[in-house]
$ cat upload.cif   # mmCIF, C-alpha atoms and all ligand atoms
data_run
#
loop_
_atom_site.label_atom_id
_atom_site.label_comp_id
_atom_site.auth_asym_id
_atom_site.auth_seq_id
_atom_site.Cartn_x
_atom_site.Cartn_y
_atom_site.Cartn_z
CA MET A 1 -65.72 -66.96 77.56
CA ASP A 2 -65.15 -70.35 75.91
CA TRP A 3 -62.26 -69.87 73.50
CA THR A 4 -62.45 -73.38 72.08
CA SER A 5 -64.79 -74.14 69.20
CA HIS A 6 -66.47 -77.51 68.65
CA THR A 7 -64.30 -77.92 65.54
CA MET A 8 -61.29 -78.25 67.85
CA GLU A 9 -62.78 -81.48 69.22
CA ARG A 10 -61.98 -82.94 65.82
CA ILE A 11 -58.38 -81.68 65.68
CA PRO A 12 -56.08 -83.78 67.90
CA GLU A 13 -52.40 -83.24 68.54
CA SER A 14 -50.10 -84.99 66.08
CA ASP A 15 -48.79 -88.35 67.38
CA THR A 16 -45.52 -87.82 65.51
CA LEU A 17 -45.00 -84.47 67.20
CA LYS A 18 -45.91 -85.94 70.59
CA MET A 19 -43.04 -88.41 70.16
CA PHE A 20 -40.81 -85.62 68.86
CA ASP A 21 -41.56 -83.49 71.96
CA LEU A 22 -40.81 -86.40 74.27
CA ALA A 23 -37.57 -87.03 72.36
CA LYS A 24 -36.61 -83.36 72.64
CA ARG A 25 -37.17 -83.47 76.41
CA LEU A 26 -34.91 -86.50 76.75
CA GLU A 27 -32.37 -84.83 74.47
CA SER A 28 -32.34 -81.73 76.68
CA GLU A 29 -31.56 -84.07 79.62
CA GLY A 30 -28.47 -85.21 77.70
CA LYS A 31 -29.75 -88.49 76.19
CA LYS A 32 -28.61 -89.40 72.67
CA ILE A 33 -31.70 -89.58 70.43
CA TYR A 34 -32.02 -91.28 67.03
CA HIS A 35 -34.70 -89.37 65.14
CA PHE A 36 -36.72 -91.80 63.01
CA GLU A 37 -40.05 -90.06 63.67
CA VAL A 38 -40.12 -86.99 61.43
CA GLY A 39 -40.85 -87.35 57.71
CA GLN A 40 -38.57 -84.79 56.20
CA PRO A 41 -35.54 -85.14 53.91
CA ASP A 42 -32.19 -84.59 55.60
CA PHE A 43 -30.57 -83.22 52.42
CA PRO A 44 -30.17 -79.48 51.85
CA THR A 45 -32.38 -77.79 49.26
CA PRO A 46 -30.45 -77.89 45.94
CA LYS A 47 -28.17 -74.85 45.56
CA ASN A 48 -29.67 -73.68 42.24
CA VAL A 49 -33.11 -73.56 43.91
CA VAL A 50 -31.82 -71.57 46.88
CA ILE A 51 -30.09 -69.12 44.54
CA ALA A 52 -33.31 -68.65 42.52
CA GLY A 53 -35.17 -67.82 45.75
CA ILE A 54 -32.50 -65.31 46.79
CA ASP A 55 -32.45 -63.73 43.32
CA ALA A 56 -36.22 -63.28 43.43
CA LEU A 57 -35.88 -61.56 46.81
CA LYS A 58 -33.11 -59.30 45.49
CA LYS A 59 -35.28 -58.38 42.50
CA GLY A 60 -38.01 -57.29 44.90
CA LEU A 61 -40.44 -60.04 43.89
CA THR A 62 -42.01 -59.82 47.31
CA LYS A 63 -45.60 -58.82 46.58
CA TYR A 64 -48.85 -60.79 46.35
CA THR A 65 -48.99 -62.99 43.29
CA PRO A 66 -52.10 -64.18 41.44
CA ALA A 67 -53.97 -66.49 43.86
CA ARG A 68 -53.51 -69.46 41.53
CA GLY A 69 -49.75 -68.95 41.30
CA ILE A 70 -47.28 -67.10 39.06
CA PRO A 71 -47.69 -68.00 35.36
CA GLN A 72 -44.04 -69.14 35.15
CA LEU A 73 -44.65 -71.78 37.83
CA LEU A 74 -47.98 -72.90 36.36
CA ASP A 75 -46.17 -73.35 33.04
CA ALA A 76 -43.26 -75.16 34.70
CA ILE A 77 -45.71 -77.62 36.29
CA GLN A 78 -47.35 -78.13 32.89
CA GLY A 79 -43.88 -78.74 31.41
CA TYR A 80 -42.95 -81.23 34.13
CA TYR A 81 -46.02 -83.32 33.38
CA LYS A 82 -45.51 -82.96 29.60
CA SER A 83 -42.03 -84.45 30.02
CA ARG A 84 -43.79 -87.52 31.45
CA GLY A 85 -46.27 -87.67 28.56
CA ILE A 86 -49.15 -86.13 30.55
CA THR A 87 -51.04 -83.20 29.06
CA ILE A 88 -52.49 -80.57 31.38
CA ASN A 89 -53.21 -76.89 30.91
CA GLY A 90 -51.11 -75.19 33.60
CA ARG A 91 -53.18 -72.03 33.50
CA LYS A 92 -56.50 -73.85 34.00
CA ASN A 93 -55.82 -77.17 35.73
CA VAL A 94 -53.27 -76.11 38.38
CA ILE A 95 -53.27 -74.19 41.65
CA VAL A 96 -50.05 -73.49 43.56
CA THR A 97 -50.44 -73.56 47.35
CA PRO A 98 -48.35 -73.02 50.51
CA GLY A 99 -47.47 -76.74 50.76
CA ALA A 100 -49.31 -79.84 49.60
CA LYS A 101 -51.17 -79.87 52.92
CA MET A 102 -52.96 -76.68 51.95
CA ALA A 103 -53.77 -78.09 48.49
CA LEU A 104 -55.36 -81.10 50.19
CA PHE A 105 -57.34 -79.01 52.63
CA GLN A 106 -58.64 -76.73 49.88
CA GLY A 107 -59.48 -79.81 47.81
CA PHE A 108 -61.46 -81.36 50.67
CA LEU A 109 -63.24 -78.07 51.45
CA SER A 110 -64.23 -77.56 47.84
CA THR A 111 -65.54 -81.06 47.08
CA ILE A 112 -66.75 -82.76 50.27
CA ASP A 113 -70.04 -82.04 52.01
CA ALA A 114 -70.78 -82.40 55.71
CA GLY A 115 -72.02 -85.93 56.43
CA ASP A 116 -70.21 -87.52 53.45
CA ASP A 117 -68.17 -90.66 53.90
CA VAL A 118 -64.60 -90.41 52.62
CA LEU A 119 -62.71 -93.64 52.03
CA LEU A 120 -59.08 -93.74 53.07
CA LEU A 121 -56.84 -96.42 51.64
CA SER A 122 -55.04 -97.27 54.85
CA PRO A 123 -52.64 -97.29 56.59
CA ALA A 124 -52.95 -93.58 55.90
CA TRP A 125 -51.14 -90.37 56.83
CA PRO A 126 -53.05 -89.06 59.92
CA THR A 127 -53.54 -85.59 58.44
CA TYR A 128 -56.14 -86.93 55.97
CA ARG A 129 -58.32 -88.16 58.81
CA VAL A 130 -58.11 -84.87 60.71
CA MET A 131 -58.87 -82.75 57.64
CA ILE A 132 -61.82 -84.95 56.65
CA ARG A 133 -63.26 -84.62 60.16
CA THR A 134 -62.63 -80.88 60.11
CA VAL A 135 -64.93 -80.52 57.08
CA ASN A 136 -67.52 -82.53 59.04
CA ALA A 137 -67.22 -85.65 56.93
CA LYS A 138 -66.45 -89.17 58.12
CA PRO A 139 -63.17 -90.96 57.30
CA VAL A 140 -63.71 -94.65 56.56
CA ASP A 141 -60.64 -96.90 56.47
CA VAL A 142 -60.25 -99.37 53.65
CA CYS A 143 -57.38 -101.55 54.78
CA THR A 144 -54.79 -102.70 52.30
CA GLU A 145 -52.86 -105.93 52.51
CA SER A 146 -49.19 -105.94 53.53
CA ASN A 147 -47.16 -103.06 52.08
CA TYR A 148 -50.18 -101.11 50.73
CA THR A 149 -51.22 -103.86 48.32
CA LEU A 150 -54.72 -103.02 47.12
CA ASP A 151 -57.45 -105.32 48.42
CA GLU A 152 -59.97 -104.96 45.57
CA GLU A 153 -62.76 -106.74 47.37
CA ALA A 154 -62.37 -104.61 50.51
CA LEU A 155 -62.52 -101.46 48.38
CA LYS A 156 -65.58 -102.57 46.44
CA HIS A 157 -67.25 -103.63 49.67
CA ALA A 158 -66.66 -100.21 51.30
CA ILE A 159 -68.33 -98.21 48.51
CA SER A 160 -71.80 -96.98 49.39
CA ARG A 161 -74.13 -94.16 48.32
CA THR A 162 -72.78 -91.88 51.07
CA VAL A 163 -69.19 -92.16 49.81
CA SER A 164 -68.18 -88.99 47.98
CA ALA A 165 -64.41 -89.47 47.79
CA LEU A 166 -61.47 -91.83 48.12
CA VAL A 167 -57.99 -90.78 49.24
CA ILE A 168 -55.02 -92.69 47.87
CA ASN A 169 -51.32 -92.04 48.44
CA THR A 170 -48.67 -93.71 46.31
CA PRO A 171 -45.87 -94.18 47.26
CA ASN A 172 -47.48 -94.42 50.64
CA ASN A 173 -46.71 -92.86 53.98
CA PRO A 174 -46.23 -94.92 56.26
CA THR A 175 -45.52 -98.20 54.41
CA GLY A 176 -43.54 -96.99 51.38
CA GLY A 177 -45.77 -99.36 49.38
CA VAL A 178 -47.08 -98.39 45.94
CA LEU A 179 -50.17 -98.74 43.76
CA THR A 180 -49.69 -100.07 40.23
CA LYS A 181 -51.17 -98.72 37.00
CA GLU A 182 -53.69 -101.59 37.06
CA ASN A 183 -54.72 -100.61 40.61
CA LEU A 184 -55.21 -96.99 39.52
CA ARG A 185 -57.29 -98.11 36.50
CA LEU A 186 -59.55 -100.14 38.74
CA ILE A 187 -59.91 -97.20 41.14
CA TYR A 188 -60.82 -94.90 38.25
CA ASP A 189 -63.44 -97.37 36.95
CA LEU A 190 -64.99 -97.61 40.41
CA ALA A 191 -64.98 -93.80 40.75
CA MET A 192 -66.79 -93.51 37.42
CA ASP A 193 -69.31 -96.26 38.20
CA HIS A 194 -70.07 -95.01 41.71
CA ASP A 195 -69.59 -91.30 41.18
CA PHE A 196 -66.92 -90.39 43.69
CA VAL A 197 -63.81 -88.20 43.61
CA VAL A 198 -60.28 -89.58 43.91
CA PHE A 199 -57.74 -87.51 45.82
CA SER A 200 -54.41 -88.86 44.66
CA ASP A 201 -51.53 -87.70 46.86
CA GLU A 202 -48.44 -88.22 44.70
CA ILE A 203 -45.94 -86.23 46.75
CA TYR A 204 -43.44 -89.12 46.96
CA GLU A 205 -43.65 -90.05 43.25
CA THR A 206 -39.98 -89.35 42.46
CA LEU A 207 -38.69 -91.33 45.45
CA VAL A 208 -38.99 -94.87 44.04
CA TYR A 209 -36.56 -97.79 43.98
CA ASP A 210 -35.67 -100.98 42.12
CA GLY A 211 -36.55 -99.40 38.75
CA PHE A 212 -40.22 -98.94 39.67
CA LYS A 213 -41.96 -96.08 37.84
CA GLN A 214 -44.90 -94.53 39.64
CA THR A 215 -47.95 -94.02 37.41
CA SER A 216 -49.89 -90.82 38.07
CA MET A 217 -53.65 -90.94 38.43
CA LEU A 218 -53.62 -88.35 35.62
CA GLU A 219 -52.48 -91.11 33.24
CA VAL A 220 -55.64 -93.10 33.83
CA ASP A 221 -57.95 -90.08 34.12
CA PRO A 222 -56.43 -87.54 31.70
CA THR A 223 -59.53 -85.32 31.63
CA MET A 224 -59.57 -85.19 35.44
CA GLU A 225 -63.19 -86.20 35.45
CA ARG A 226 -62.86 -87.85 38.85
CA THR A 227 -59.33 -86.95 39.95
CA LEU A 228 -57.58 -84.29 41.99
CA VAL A 229 -53.82 -84.85 42.13
CA ILE A 230 -51.85 -83.42 45.06
CA ASN A 231 -48.14 -82.84 44.68
CA GLY A 232 -45.39 -80.48 45.86
CA MET A 233 -41.72 -79.70 46.25
CA SER A 234 -41.21 -80.71 49.90
CA LYS A 235 -39.99 -84.26 49.34
CA SER A 236 -38.57 -84.32 45.77
CA TYR A 237 -36.51 -81.15 46.24
CA SER A 238 -36.02 -81.24 49.98
CA MET A 239 -38.01 -78.03 50.41
CA THR A 240 -40.23 -78.78 53.42
CA GLY A 241 -39.75 -75.39 55.06
CA TRP A 242 -40.31 -73.39 51.89
CA ARG A 243 -43.98 -74.49 51.84
CA LEU A 244 -44.69 -75.07 48.17
CA GLY A 245 -47.26 -77.49 46.84
CA TYR A 246 -49.88 -77.71 44.13
CA ALA A 247 -53.01 -79.47 42.97
CA ILE A 248 -54.03 -80.55 39.47
CA GLY A 249 -57.69 -81.00 38.63
CA ASN A 250 -60.57 -80.03 36.42
CA GLU A 251 -61.32 -76.34 35.89
CA GLU A 252 -64.32 -76.31 38.23
CA THR A 253 -62.37 -77.74 41.17
CA ILE A 254 -59.31 -75.56 40.59
CA SER A 255 -61.40 -72.41 40.36
CA ASN A 256 -63.26 -73.36 43.57
CA MET A 257 -59.93 -73.91 45.30
CA THR A 258 -58.72 -70.57 43.95
CA ARG A 259 -61.69 -68.86 45.63
CA ILE A 260 -60.70 -70.48 48.93
CA GLN A 261 -57.09 -69.39 48.46
CA GLN A 262 -58.13 -65.82 47.60
CA ASN A 263 -59.99 -65.67 50.89
CA THR A 264 -57.44 -67.40 53.11
CA THR A 265 -53.71 -67.42 52.35
CA SER A 266 -54.00 -65.19 49.20
CA CYS A 267 -51.17 -67.05 47.46
CA ALA A 268 -48.06 -69.14 48.05
CA THR A 269 -45.06 -66.99 49.08
CA SER A 270 -43.93 -64.96 46.05
CA PHE A 271 -40.17 -65.60 46.00
CA VAL A 272 -40.67 -69.25 46.94
CA GLN A 273 -42.69 -69.68 43.75
CA TYR A 274 -39.69 -68.44 41.71
CA ALA A 275 -37.52 -70.99 43.49
CA GLY A 276 -40.13 -73.58 42.52
CA VAL A 277 -39.73 -72.64 38.83
CA GLU A 278 -36.01 -73.36 39.11
CA ALA A 279 -36.69 -76.61 40.97
CA LEU A 280 -38.81 -77.90 38.09
CA ASN A 281 -36.93 -76.37 35.14
CA GLY A 282 -33.35 -76.54 36.43
CA ASP A 283 -30.85 -79.35 36.94
CA GLN A 284 -32.63 -82.50 38.22
CA SER A 285 -29.51 -84.42 39.26
CA SER A 286 -30.15 -83.81 42.98
CA ILE A 287 -33.21 -86.08 42.83
CA ALA A 288 -31.22 -89.01 41.45
CA ALA A 289 -28.54 -88.45 44.11
CA MET A 290 -31.13 -88.44 46.91
CA VAL A 291 -32.88 -91.53 45.54
CA LYS A 292 -29.56 -93.39 45.38
CA GLU A 293 -28.85 -92.61 49.03
CA TYR A 294 -32.41 -93.41 50.20
CA HIS A 295 -32.19 -96.69 48.31
CA ALA A 296 -29.04 -97.71 50.21
CA ARG A 297 -30.64 -96.68 53.50
CA ARG A 298 -33.83 -98.59 52.72
CA ASP A 299 -31.83 -101.75 52.03
CA GLU A 300 -29.86 -101.37 55.24
CA ILE A 301 -32.74 -100.56 57.59
CA THR A 302 -34.90 -103.37 56.16
CA ARG A 303 -32.07 -105.89 56.44
CA LEU A 304 -31.28 -104.86 60.03
CA PHE A 305 -34.93 -105.01 61.13
CA ASN A 306 -35.37 -108.49 59.70
CA GLU A 307 -32.36 -109.67 61.71
CA ILE A 308 -34.14 -108.76 64.96
CA GLU A 309 -36.09 -111.58 66.57
CA GLY A 310 -39.86 -111.25 66.18
CA VAL A 311 -39.78 -108.29 63.75
CA SER A 312 -41.08 -108.51 60.22
CA CYS A 313 -40.20 -105.69 57.80
CA VAL A 314 -41.21 -105.54 54.13
CA SER A 315 -38.82 -103.76 51.75
CA PRO A 316 -40.79 -100.80 50.37
CA MET A 317 -40.74 -99.57 46.76
CA GLY A 318 -40.89 -95.86 47.51
CA ALA A 319 -40.93 -92.87 49.91
CA PHE A 320 -38.59 -92.97 52.93
CA TYR A 321 -40.47 -95.00 55.50
CA VAL A 322 -40.54 -98.58 56.75
CA PHE A 323 -43.48 -99.93 58.73
CA PRO A 324 -42.31 -103.10 60.48
CA ASP A 325 -44.71 -105.37 62.32
CA PHE A 326 -44.05 -106.14 66.01
CA VAL A 327 -47.13 -108.29 66.55
CA LYS A 328 -45.06 -110.93 68.33
CA TYR A 329 -44.26 -108.42 71.08
CA GLY A 330 -47.92 -108.25 72.13
CA VAL A 331 -47.94 -104.59 73.28
CA SER A 332 -49.68 -101.54 71.82
CA SER A 333 -47.69 -99.40 69.41
CA THR A 334 -47.86 -96.37 71.71
CA THR A 335 -46.47 -98.33 74.67
CA LEU A 336 -43.80 -99.94 72.51
CA ALA A 337 -42.72 -96.64 70.89
CA GLU A 338 -42.41 -94.93 74.29
CA LEU A 339 -40.56 -97.86 75.80
CA ILE A 340 -38.11 -97.99 72.89
CA LEU A 341 -37.52 -94.24 73.11
CA LYS A 342 -36.87 -94.26 76.84
CA LYS A 343 -34.65 -97.37 76.82
CA THR A 344 -32.69 -96.88 73.58
CA GLY A 345 -33.13 -93.26 72.47
CA VAL A 346 -34.64 -94.46 69.16
CA CYS A 347 -37.67 -92.31 68.32
CA CYS A 348 -40.38 -93.53 65.91
CA THR A 349 -44.14 -93.11 65.36
CA PRO A 350 -46.76 -95.55 66.74
CA GLY A 351 -48.64 -97.45 64.00
CA LEU A 352 -51.98 -96.61 65.62
CA ALA A 353 -51.62 -93.06 64.23
CA PHE A 354 -52.11 -94.50 60.73
CA GLY A 355 -55.28 -96.50 61.42
CA ALA A 356 -56.87 -98.61 64.15
CA LYS A 357 -55.70 -101.85 62.53
CA TYR A 358 -52.01 -100.94 62.69
CA ASP A 359 -51.41 -101.01 66.43
CA SER A 360 -48.76 -103.72 66.08
CA HIS A 361 -46.67 -101.56 63.72
CA LEU A 362 -44.18 -98.72 64.18
CA ARG A 363 -43.18 -96.25 61.47
CA PHE A 364 -39.50 -95.48 61.02
CA SER A 365 -38.61 -92.59 58.75
CA TYR A 366 -35.15 -93.04 57.25
CA PRO A 367 -33.91 -89.62 56.06
CA VAL A 368 -31.15 -90.35 58.54
CA SER A 369 -27.49 -91.14 57.73
CA LEU A 370 -26.44 -94.76 57.26
CA ALA A 371 -24.23 -94.42 60.36
CA GLU A 372 -27.21 -93.30 62.49
CA ILE A 373 -29.36 -96.07 61.03
CA ARG A 374 -26.75 -98.67 61.99
CA GLU A 375 -26.29 -97.25 65.50
CA GLY A 376 -30.02 -96.94 66.13
CA MET A 377 -30.76 -100.44 64.84
CA ALA A 378 -27.93 -101.88 66.97
CA LYS A 379 -29.61 -100.37 70.05
CA LEU A 380 -32.93 -101.94 69.00
CA ALA A 381 -31.30 -105.31 68.31
CA GLN A 382 -29.94 -105.28 71.86
CA PHE A 383 -33.11 -104.10 73.58
CA LEU A 384 -36.06 -105.65 71.72
CA PRO A 385 -35.30 -109.34 72.38
CA THR A 386 -35.47 -108.60 76.12
CA LEU A 387 -39.21 -107.91 75.65
CA ILE A 388 -40.12 -111.28 74.15
C1 LIG A 401 -48.45 -88.25 52.27
C2 LIG A 401 -48.07 -86.82 52.48
N1 LIG A 401 -48.71 -85.86 51.79
C3 LIG A 401 -48.40 -84.57 51.95
C4 LIG A 401 -47.44 -84.17 52.86
C5 LIG A 401 -47.19 -82.69 53.12
O1 LIG A 401 -46.48 -82.06 52.19
P1 LIG A 401 -46.18 -80.50 52.31
O2 LIG A 401 -44.92 -80.35 53.07
O3 LIG A 401 -46.03 -80.07 50.88
O4 LIG A 401 -47.35 -79.83 52.96
C6 LIG A 401 -46.76 -85.13 53.61
C7 LIG A 401 -45.75 -84.71 54.62
O5 LIG A 401 -45.31 -85.43 55.46
C8 LIG A 401 -47.07 -86.48 53.41
O6 LIG A 401 -46.44 -87.46 54.09
#

$ encode --input "upload.cif" --output "structure tokens"
Amino acid sequence: MDWTSHTMERIPESDTLKMFDLAKRLESEGKKIYHFEVGQPDFPTPKNVVIAGIDALKKGLTKYTPARGIPQLLDAIQGYYKSRGITINGRKNVIVTPGAKMALFQGFLSTIDAGDDVLLLSPAWPTYRVMIRTVNAKPVDVCTESNYTLDEEALKHAISRTVSALVINTPNNPTGGVLTKENLRLIYDLAMDHDFVVFSDEIYETLVYDGFKQTSMLEVDPTMERTLVINGMSKSYSMTGWRLGYAIGNEETISNMTRIQQNTTSCATSFVQYAGVEALNGDQSSIAAMVKEYHARRDEITRLFNEIEGVSCVSPMGAFYVFPDFVKYGVSSTTLAELILKKTGVCCTPGLAFGAKYDSHLRFSYPVSLAEIREGMAKLAQFLPTLI
């Protein structure tokens, strides 16, 4: 009996988790590890959100919910966008899912056909590539310039008749770079002219610095003619383990995704959805507090990287990643990441995971205290120059 389907050939192990496993092994041997590999906030979930989840449990709200999500949460999502001047109909344009990952996967399944080409503005989060391959389509990288700056010509050049979708992610994982309103307008015009769908992953939209305001793709495509927005609570409300995400799109797409949800996960976890209502409707001060802290960490990690010989690190406008370039070291990102981990205990993710062109980069995720950042960077500052 062969237990492994052909689909599994298209689903590799996560490079981030490979590094994490190696780090855990070293940790169990007593080595001090600095965890810069995993992309999850280090802050606790805000108390009011936790209490709302517990209250829902106590009230016995533990049954299946409508596949699309509880009406209170659909309305809260509508209200959140209204507060930003964006009009959507929560009951028609939204589906709540167990994490943004599931929203993405349902979105890909419901819109992409086998054999399609799907453009990925890269460097790109590896999950997109795996999901696109899983639905039997082909991911095609469209490389950006430094710090996720849109290369208009490269994008226009990549569009062909077999392209059915483009995936964008702003603020971006792994660079922390952002797309501007003008970039999004251009992308919308191209999508209209060449008839493709735009998956806009906006999960880091609240984590922005230096006064930057992230435009949503919904602002340039308010009727969602070509857009499916992916969002969720994991990053803004430090709720990674709760698994709560959502998608916003036209009625046809959302009802297709609802059919997938009905036949797979049924719904997002009932009491978690009530916590999500509180996250969106309750006190928002925790976001500002997190952003303030991330901002200080971003400044520190960028400054410290740029002090190391041969390293070039752009200061990103959003998310909680930096993606420094180690091209002067002349080794592959996988070799360099493993070497750094073994010699210094600093764990990061090889750039190759984010696209073939990024093998001279490493991704460092900075939901780590300032003290750990300083200690980890001091280890790197000691070790790295020995390699040049
Ligand atoms: C760009 C991007 N989108 C989506 C997600 C996943 O979000 P969720 O935890 O809601 O599935 C991540 C998580 O790392 C991410 O980096």

$ residues_around --input "upload.cif" --residues "range 341-350 of chain A" --least-positions-apart "5" --cutoff "7 Å" --atoms "only C-alpha atoms" --output "list in words"
Asp15, Thr16, Met19, Ala23, Lys31, Lys32, Ile33, Tyr34, His35, Phe36, Glu37, Ser333, Thr334, His361, Leu362, Arg363, Phe364, Gly376, Lys379 and Leu380 of chain A

$ closest_atom_pairs --input "upload.cif" --of "chain A" --to "ligand LIG 401 (chain A)" --cutoff "7 Å" --atoms "all atoms listed in the file" --output "tab-separated table"
residue	atom	partner	partner_atom	distance
A:Gly39	CA	A:LIG401	O5	5.4
A:Gln40	CA	A:LIG401	O5	6.8
A:Gly99	CA	A:LIG401	O3	3.6
A:Ala100	CA	A:LIG401	O3	3.5
A:Lys101	CA	A:LIG401	O4	3.8
A:Met102	CA	A:LIG401	O4	6.5
A:Trp125	CA	A:LIG401	C1	5.7
A:Asn169	CA	A:LIG401	C1	6.1
A:Asn172	CA	A:LIG401	C1	6.5
A:Asn173	CA	A:LIG401	C1	5.2
A:Asp201	CA	A:LIG401	N1	6.0
A:Ile203	CA	A:LIG401	N1	5.8
A:Gly232	CA	A:LIG401	O3	5.1
A:Met233	CA	A:LIG401	O3	6.3
A:Ser234	CA	A:LIG401	O2	4.9
A:Thr240	CA	A:LIG401	O2	5.0
A:Arg243	CA	A:LIG401	O3	6.0
A:Leu244	CA	A:LIG401	O3	5.8
A:Gly245	CA	A:LIG401	O3	4.9

$ closest_atom_pairs --input "upload.cif" --of "range 298-334 of chain A" --to "range 135-159 of chain A" --cutoff "12 Å" --atoms "all atoms listed in the file" --output "CSV"
residue,atom,partner,partner_atom,distance
A:Ser312,CA,A:Ser146,CA,10.8
A:Cys313,CA,A:Asn147,CA,9.4
A:Val314,CA,A:Asn147,CA,6.8
A:Ser315,CA,A:Asn147,CA,8.4
A:Pro316,CA,A:Asn147,CA,7.0
A:Met317,CA,A:Asn147,CA,9.0
A:Gly318,CA,A:Asn147,CA,10.6
A:Tyr321,CA,A:Asn147,CA,11.0
A:Val322,CA,A:Asn147,CA,9.3
A:Phe323,CA,A:Asn147,CA,8.2
A:Pro324,CA,A:Asn147,CA,9.7
A:Asp325,CA,A:Ser146,CA,9.9

$ atom_distance --input "upload.cif" --atom1 "CA of Val220 in chain A" --atom2 "CA of Ile254 in chain A"
19.2 Å
